[in-house]
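Asks: Just input.pdb, nothing more (PDB, C-alpha atoms):
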```pdb
ATOM      1  CA  ASN E   1     238.489 273.880 133.253
ATOM      2  CA  LEU E   2     237.020 273.701 129.745
ATOM      3  CA  LEU E   3     238.088 277.282 129.025
ATOM      4  CA  GLU E   4     241.613 276.561 130.200
ATOM      5  CA  THR E   5     241.831 273.459 128.003
ATOM      6  CA  ASN E   6     240.499 275.410 125.023
ATOM      7  CA  ALA E   7     243.041 278.194 125.596
ATOM      8  CA  ILE E   8     245.932 275.742 125.906
ATOM      9  CA  MET E   9     244.901 273.972 122.694
ATOM     10  CA  ARG E  10     244.676 277.279 120.826
ATOM     11  CA  LEU E  11     248.086 278.284 122.114
ATOM     12  CA  LEU E  12     249.650 274.987 121.033
ATOM     13  CA  LEU E  13     248.026 275.122 117.591
ATOM     14  CA  SER E  14     248.920 278.774 117.031
ATOM     15  CA  VAL E  15     252.515 277.749 116.319
ATOM     16  CA  PHE E  16     251.339 275.892 113.207
ATOM     17  CA  PHE E  17     249.232 278.781 111.924
ATOM     18  CA  ARG E  18     251.654 281.597 112.671
ATOM     19  CA  ASP E  19     252.394 282.182 108.966
ATOM     20  CA  TYR E  20     248.830 281.589 107.787
ATOM     21  CA  ASN E  21     248.833 284.879 105.865
ATOM     22  CA  HIS E  22     252.190 284.165 104.266
ATOM     23  CA  PRO E  23     251.741 284.144 100.453
ATOM     24  CA  LYS E  24     253.137 280.610 100.113
ATOM     25  CA  VAL E  25     250.677 279.252 102.673
ATOM     26  CA  VAL E  26     247.757 281.114 101.107
ATOM     27  CA  ASN E  27     248.705 279.876  97.620
ATOM     28  CA  THR E  28     249.068 276.301  98.831
ATOM     29  CA  LEU E  29     245.703 276.372 100.606
ATOM     30  CA  HIS E  30     244.064 277.892  97.523
ATOM     31  CA  GLY E  31     245.712 275.272  95.305
ATOM     32  CA  LEU E  32     244.570 272.424  97.519
ATOM     33  CA  LYS E  33     241.033 273.783  97.529
ATOM     34  CA  ARG E  34     241.137 274.079  93.739
ATOM     35  CA  PHE E  35     242.338 270.479  93.399
ATOM     36  CA  GLU E  36     239.639 269.142  95.717
ATOM     37  CA  ARG E  37     237.415 268.672  92.663
ATOM     38  CA  VAL E  38     240.148 266.641  90.959
ATOM     39  CA  LEU E  39     240.699 264.431  94.009
ATOM     40  CA  ASP E  40     236.952 263.810  94.308
ATOM     41  CA  TYR E  41     236.754 262.957  90.606
ATOM     42  CA  ILE E  42     239.572 260.434  90.967
ATOM     43  CA  GLN E  43     237.860 258.768  93.949
ATOM     44  CA  GLU E  44     234.549 258.544  92.108
ATOM     45  CA  HIS E  45     236.073 257.126  88.907
ATOM     46  CA  LEU E  46     238.696 254.662  90.156
ATOM     47  CA  ASP E  47     237.139 251.945  88.012
ATOM     48  CA  ALA E  48     237.543 253.875  84.748
ATOM     49  CA  PRO E  49     240.521 255.041  82.737
ATOM     50  CA  ILE E  50     241.440 258.580  83.781
ATOM     51  CA  THR E  51     243.709 260.778  81.682
ATOM     52  CA  ILE E  52     245.773 263.787  82.656
ATOM     53  CA  PRO E  53     243.944 265.973  80.086
ATOM     54  CA  GLN E  54     240.607 264.984  81.681
ATOM     55  CA  LEU E  55     241.829 266.003  85.117
ATOM     56  CA  ALA E  56     243.459 269.196  83.843
ATOM     57  CA  ASN E  57     240.204 270.122  82.154
ATOM     58  CA  LEU E  58     238.373 269.925  85.499
ATOM     59  CA  VAL E  59     240.428 272.850  86.774
ATOM     60  CA  ASN E  60     240.933 274.588  83.420
ATOM     61  CA  LEU E  61     244.694 274.083  83.266
ATOM     62  CA  ASN E  62     247.140 272.998  80.610
ATOM     63  CA  PRO E  63     247.924 269.271  81.165
ATOM     64  CA  VAL E  64     251.674 269.845  81.636
ATOM     65  CA  TYR E  65     251.146 272.736  84.056
ATOM     66  CA  PHE E  66     248.431 270.711  85.810
ATOM     67  CA  SER E  67     250.785 267.751  86.316
ATOM     68  CA  ASN E  68     253.544 269.951  87.706
ATOM     69  CA  LEU E  69     251.193 271.798  90.052
ATOM     70  CA  PHE E  70     249.514 268.563  91.163
ATOM     71  CA  CYS E  71     252.882 267.069  92.025
ATOM     72  CA  LYS E  72     253.911 270.192  93.919
ATOM     73  CA  LEU E  73     250.679 270.378  95.946
ATOM     74  CA  ILE E  74     249.922 266.688  96.517
ATOM     75  CA  GLY E  75     253.478 265.370  96.678
ATOM     76  CA  ALA E  76     253.011 262.748  93.961
ATOM     77  CA  SER E  77     252.332 262.741  90.248
ATOM     78  CA  PRO E  78     248.697 262.333  89.180
ATOM     79  CA  LEU E  79     249.423 258.776  88.023
ATOM     80  CA  GLN E  80     251.152 257.847  91.289
ATOM     81  CA  TYR E  81     248.267 259.315  93.271
ATOM     82  CA  MET E  82     245.631 257.492  91.182
ATOM     83  CA  ASN E  83     247.475 254.184  91.470
ATOM     84  CA  LYS E  84     247.833 254.579  95.234
ATOM     85  CA  GLN E  85     244.106 255.324  95.584
ATOM     86  CA  ARG E  86     243.265 252.315  93.414
ATOM     87  CA  ILE E  87     245.396 250.053  95.590
ATOM     88  CA  VAL E  88     243.799 251.428  98.777
ATOM     89  CA  LYS E  89     240.366 250.644  97.296
ATOM     90  CA  ALA E  90     241.613 247.184  96.262
ATOM     91  CA  GLN E  91     242.744 246.544  99.835
ATOM     92  CA  GLU E  92     239.236 247.359 101.061
ATOM     93  CA  LEU E  93     237.716 245.019  98.492
ATOM     94  CA  LEU E  94     240.161 242.227  99.295
ATOM     95  CA  LEU E  95     239.147 242.334 102.939
ATOM     96  CA  GLY E  96     235.469 243.140 102.539
ATOM     97  CA  THR E  97     234.456 240.859  99.673
ATOM     98  CA  ASP E  98     235.041 237.376  98.303
ATOM     99  CA  GLU E  99     235.549 238.697  94.786
ATOM    100  CA  THR E 100     238.363 237.281  92.683
ATOM    101  CA  LEU E 101     241.530 239.236  92.053
ATOM    102  CA  TYR E 102     240.400 239.703  88.455
ATOM    103  CA  GLN E 103     237.074 241.214  89.593
ATOM    104  CA  ILE E 104     238.814 243.503  92.057
ATOM    105  CA  ALA E 105     241.370 244.583  89.470
ATOM    106  CA  GLN E 106     238.508 245.499  87.128
ATOM    107  CA  LYS E 107     236.690 247.435  89.853
ATOM    108  CA  VAL E 108     239.729 249.575  90.540
ATOM    109  CA  GLY E 109     240.510 250.338  86.919
ATOM    110  CA  PHE E 110     243.038 247.699  85.878
ATOM    111  CA  SER E 111     242.318 245.621  82.797
ATOM    112  CA  ASP E 112     245.553 243.654  83.241
ATOM    113  CA  ASN E 113     245.443 241.414  86.306
ATOM    114  CA  TYR E 114     249.196 240.822  86.166
ATOM    115  CA  TYR E 115     249.953 244.560  86.172
ATOM    116  CA  PHE E 116     247.502 245.042  89.047
ATOM    117  CA  SER E 117     249.263 242.361  91.106
ATOM    118  CA  ARG E 118     252.725 243.803  90.372
ATOM    119  CA  LEU E 119     251.638 247.331  91.296
ATOM    120  CA  PHE E 120     249.846 246.092  94.430
ATOM    121  CA  LYS E 121     253.018 244.342  95.567
ATOM    122  CA  LYS E 122     255.160 247.369  94.710
ATOM    123  CA  ILE E 123     252.975 249.678  96.832
ATOM    124  CA  THR E 124     252.104 247.376  99.752
ATOM    125  CA  GLY E 125     255.100 245.061  99.811
ATOM    126  CA  ILE E 126     253.021 241.884  99.406
ATOM    127  CA  SER E 127     250.904 240.291  96.701
ATOM    128  CA  PRO E 128     247.111 240.731  96.756
ATOM    129  CA  ASP E 129     246.570 237.027  97.522
ATOM    130  CA  HIS E 130     249.033 237.133 100.379
ATOM    131  CA  TYR E 131     247.492 240.371 101.678
ATOM    132  CA  ARG E 132     244.026 238.790 101.812
ATOM    133  CA  LYS E 133     245.306 235.619 103.515
ATOM    134  CA  GLN E 134     247.486 237.528 105.985
ATOM    135  CA  GLU E 135     244.617 239.787 107.033
ATOM    136  CA  GLN E 136     242.259 236.798 107.396
ATOM    137  CA  ILE E 137     244.772 235.096 109.707
ATOM    138  CA  ILE E 138     245.141 238.244 111.797
ATOM    139  CA  HIS E 139     241.351 238.587 112.011
ATOM    140  CA  GLN E 140     240.931 234.938 113.087
ATOM    141  CA  ARG E 141     243.565 235.331 115.805
ATOM    142  CA  SER E 142     241.749 238.324 117.257
ATOM    143  CA  LEU E 143     238.533 236.329 117.638
TER     144      LEU E 143
END
```
Here is a file; write its structure as structure tokens.
Replies:
Amino acid sequence: NLLETNAIMRLLLSVFFRDYNHPKVVNTLHGLKRFERVLDYIQEHLDAPITIPQLANLVNLNPVYFSNLFCKLIGASPLQYMNKQRIVKAQELLLGTDETLYQIAQKVGFSDNYYFSRLFKKITGISPDHYRKQEQIIHQRSL
């Protein structure tokens, strides 16, 4: 039974890996592997200013070429990706701590609390205050 399940799973997945040796697939996988260091760096330094030249330097690329390649591989510009990751971290902090919005904004790399709130609302659809209150209400209802 286990062998049959394993075989069926391999058969189903084989459709997705049919062109694994295709040059485009190989290049994309290599590019993603190369950018893993950049993505890790962003995650580890969300609280600090990060520049495109800094990130490009991590993978020894020209900043313009780096930005274009990043966008092609990740599907967003470096700045869009960093802002999204900062907002995801802010969401965690809003739910997991009692820190003020100012403190959270600082922890995720925003020196301007107003800009942080605007960007948070743009990405999530609601303000940080409302997000925290909404999630607290949902949590209380589930208890």
Asks: Given the file shown, enumerate the residues that the PyMOL selection byres ((chain E and resi 91) around 10) captures and present them as a PyMOL selection string.
Replies: chain E and resi 85-90+92-96+104+120+124+128+131-132
Asks: Quick one: residues within 10 Å of segment 58-60 of chain E, all atoms listed in the file counted, chain neighbours fewer than 5 positions away excluded, as a PyMOL selection string?
Replies: chain E and resi 34-38+41+53+66
Asks: Quick one: everything within 10 Å of Ser111 of chain E, counting only C-alpha atoms, minus sequence neighbours fewer than 5 positions away in the same chain. Send it as a PDB file with C-alpha atoms, in the frame of the given file.
Replies:
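Below you can see around-v4.pdb, which holds the result:
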```pdb
ATOM      1  CA  ASP E  47     237.139 251.945  88.012  1.00  0.00           C
ATOM      2  CA  ALA E  48     237.543 253.875  84.748  1.00  0.00           C
ATOM      3  CA  PRO E  49     240.521 255.041  82.737  1.00  0.00           C
ATOM      4  CA  TYR E 102     240.400 239.703  88.455  1.00  0.00           C
ATOM      5  CA  GLN E 103     237.074 241.214  89.593  1.00  0.00           C
ATOM      6  CA  ALA E 105     241.370 244.583  89.470  1.00  0.00           C
ATOM      7  CA  GLN E 106     238.508 245.499  87.128  1.00  0.00           C
ATOM      8  CA  PHE E 116     247.502 245.042  89.047  1.00  0.00           C
TER       9      PHE E 116
END
```
Asks: Point out the residue among E:Leu46, E:Ile138, E:Leu55, E:Ile123 with the least atom-to-atom distance to Phe110 of chain E, counting all atoms listed in the file.
Replies: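 Using all atoms listed in the file, the shortest distance to Phe110 of chain E belongs to E:Leu46.
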Asks: Once the PyMOL selection byres ((chain E and resi 78) around 10) is applied to the coordinates I shared, what remains selected? I want it as an MDAnalysis selection string.
Replies: chainID E and resid 38:39 42 50:52 55 66:71 74:77 79:84
Asks: Please write the residues from the selection above to a file, keeping C-alpha atoms, as a PDB file, in the frame of the given file.
Replies:
```pdb
ATOM      1  CA  VAL E  38     240.148 266.641  90.959  1.00  0.00           C
ATOM      2  CA  LEU E  39     240.699 264.431  94.009  1.00  0.00           C
ATOM      3  CA  ILE E  42     239.572 260.434  90.967  1.00  0.00           C
ATOM      4  CA  ILE E  50     241.440 258.580  83.781  1.00  0.00           C
ATOM      5  CA  THR E  51     243.709 260.778  81.682  1.00  0.00           C
ATOM      6  CA  ILE E  52     245.773 263.787  82.656  1.00  0.00           C
ATOM      7  CA  LEU E  55     241.829 266.003  85.117  1.00  0.00           C
ATOM      8  CA  PHE E  66     248.431 270.711  85.810  1.00  0.00           C
ATOM      9  CA  SER E  67     250.785 267.751  86.316  1.00  0.00           C
ATOM     10  CA  ASN E  68     253.544 269.951  87.706  1.00  0.00           C
ATOM     11  CA  LEU E  69     251.193 271.798  90.052  1.00  0.00           C
ATOM     12  CA  PHE E  70     249.514 268.563  91.163  1.00  0.00           C
ATOM     13  CA  CYS E  71     252.882 267.069  92.025  1.00  0.00           C
ATOM     14  CA  ILE E  74     249.922 266.688  96.517  1.00  0.00           C
ATOM     15  CA  GLY E  75     253.478 265.370  96.678  1.00  0.00           C
ATOM     16  CA  ALA E  76     253.011 262.748  93.961  1.00  0.00           C
ATOM     17  CA  SER E  77     252.332 262.741  90.248  1.00  0.00           C
ATOM     18  CA  LEU E  79     249.423 258.776  88.023  1.00  0.00           C
ATOM     19  CA  GLN E  80     251.152 257.847  91.289  1.00  0.00           C
ATOM     20  CA  TYR E  81     248.267 259.315  93.271  1.00  0.00           C
ATOM     21  CA  MET E  82     245.631 257.492  91.182  1.00  0.00           C
ATOM     22  CA  ASN E  83     247.475 254.184  91.470  1.00  0.00           C
ATOM     23  CA  LYS E  84     247.833 254.579  95.234  1.00  0.00           C
TER      24      LYS E  84
END
```
Asks: Between atom CA of Ile137 of chain E and atom CA of Leu119 of chain E, what distance in Å does the model show, to one decimal?
Replies: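 If I compute the distance from atom CA of Ile137 of chain E to atom CA of Leu119 of chain E, I get 23.1 Å.
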Asks: What is the distance between atom CA of Glu99 of chain E and atom CA of Asp129 of chain E, in Å to one decimal?
Replies: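 Answer for the atom CA of Glu99 of chain E to atom CA of Asp129 of chain E separation: 11.5 Å.
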Asks: Please, what is the axis-aligned box for every listed atom of segment 51-54 of chain E with 3 Å on each side, as centre and edge lengths in Å to one decimal, as lines of an AutoDock Vina configuration file?
Replies:
```
center_x = 243.2
center_y = 263.4
center_z = 81.4
size_x = 11.2
size_y = 11.2
size_z = 8.6
```
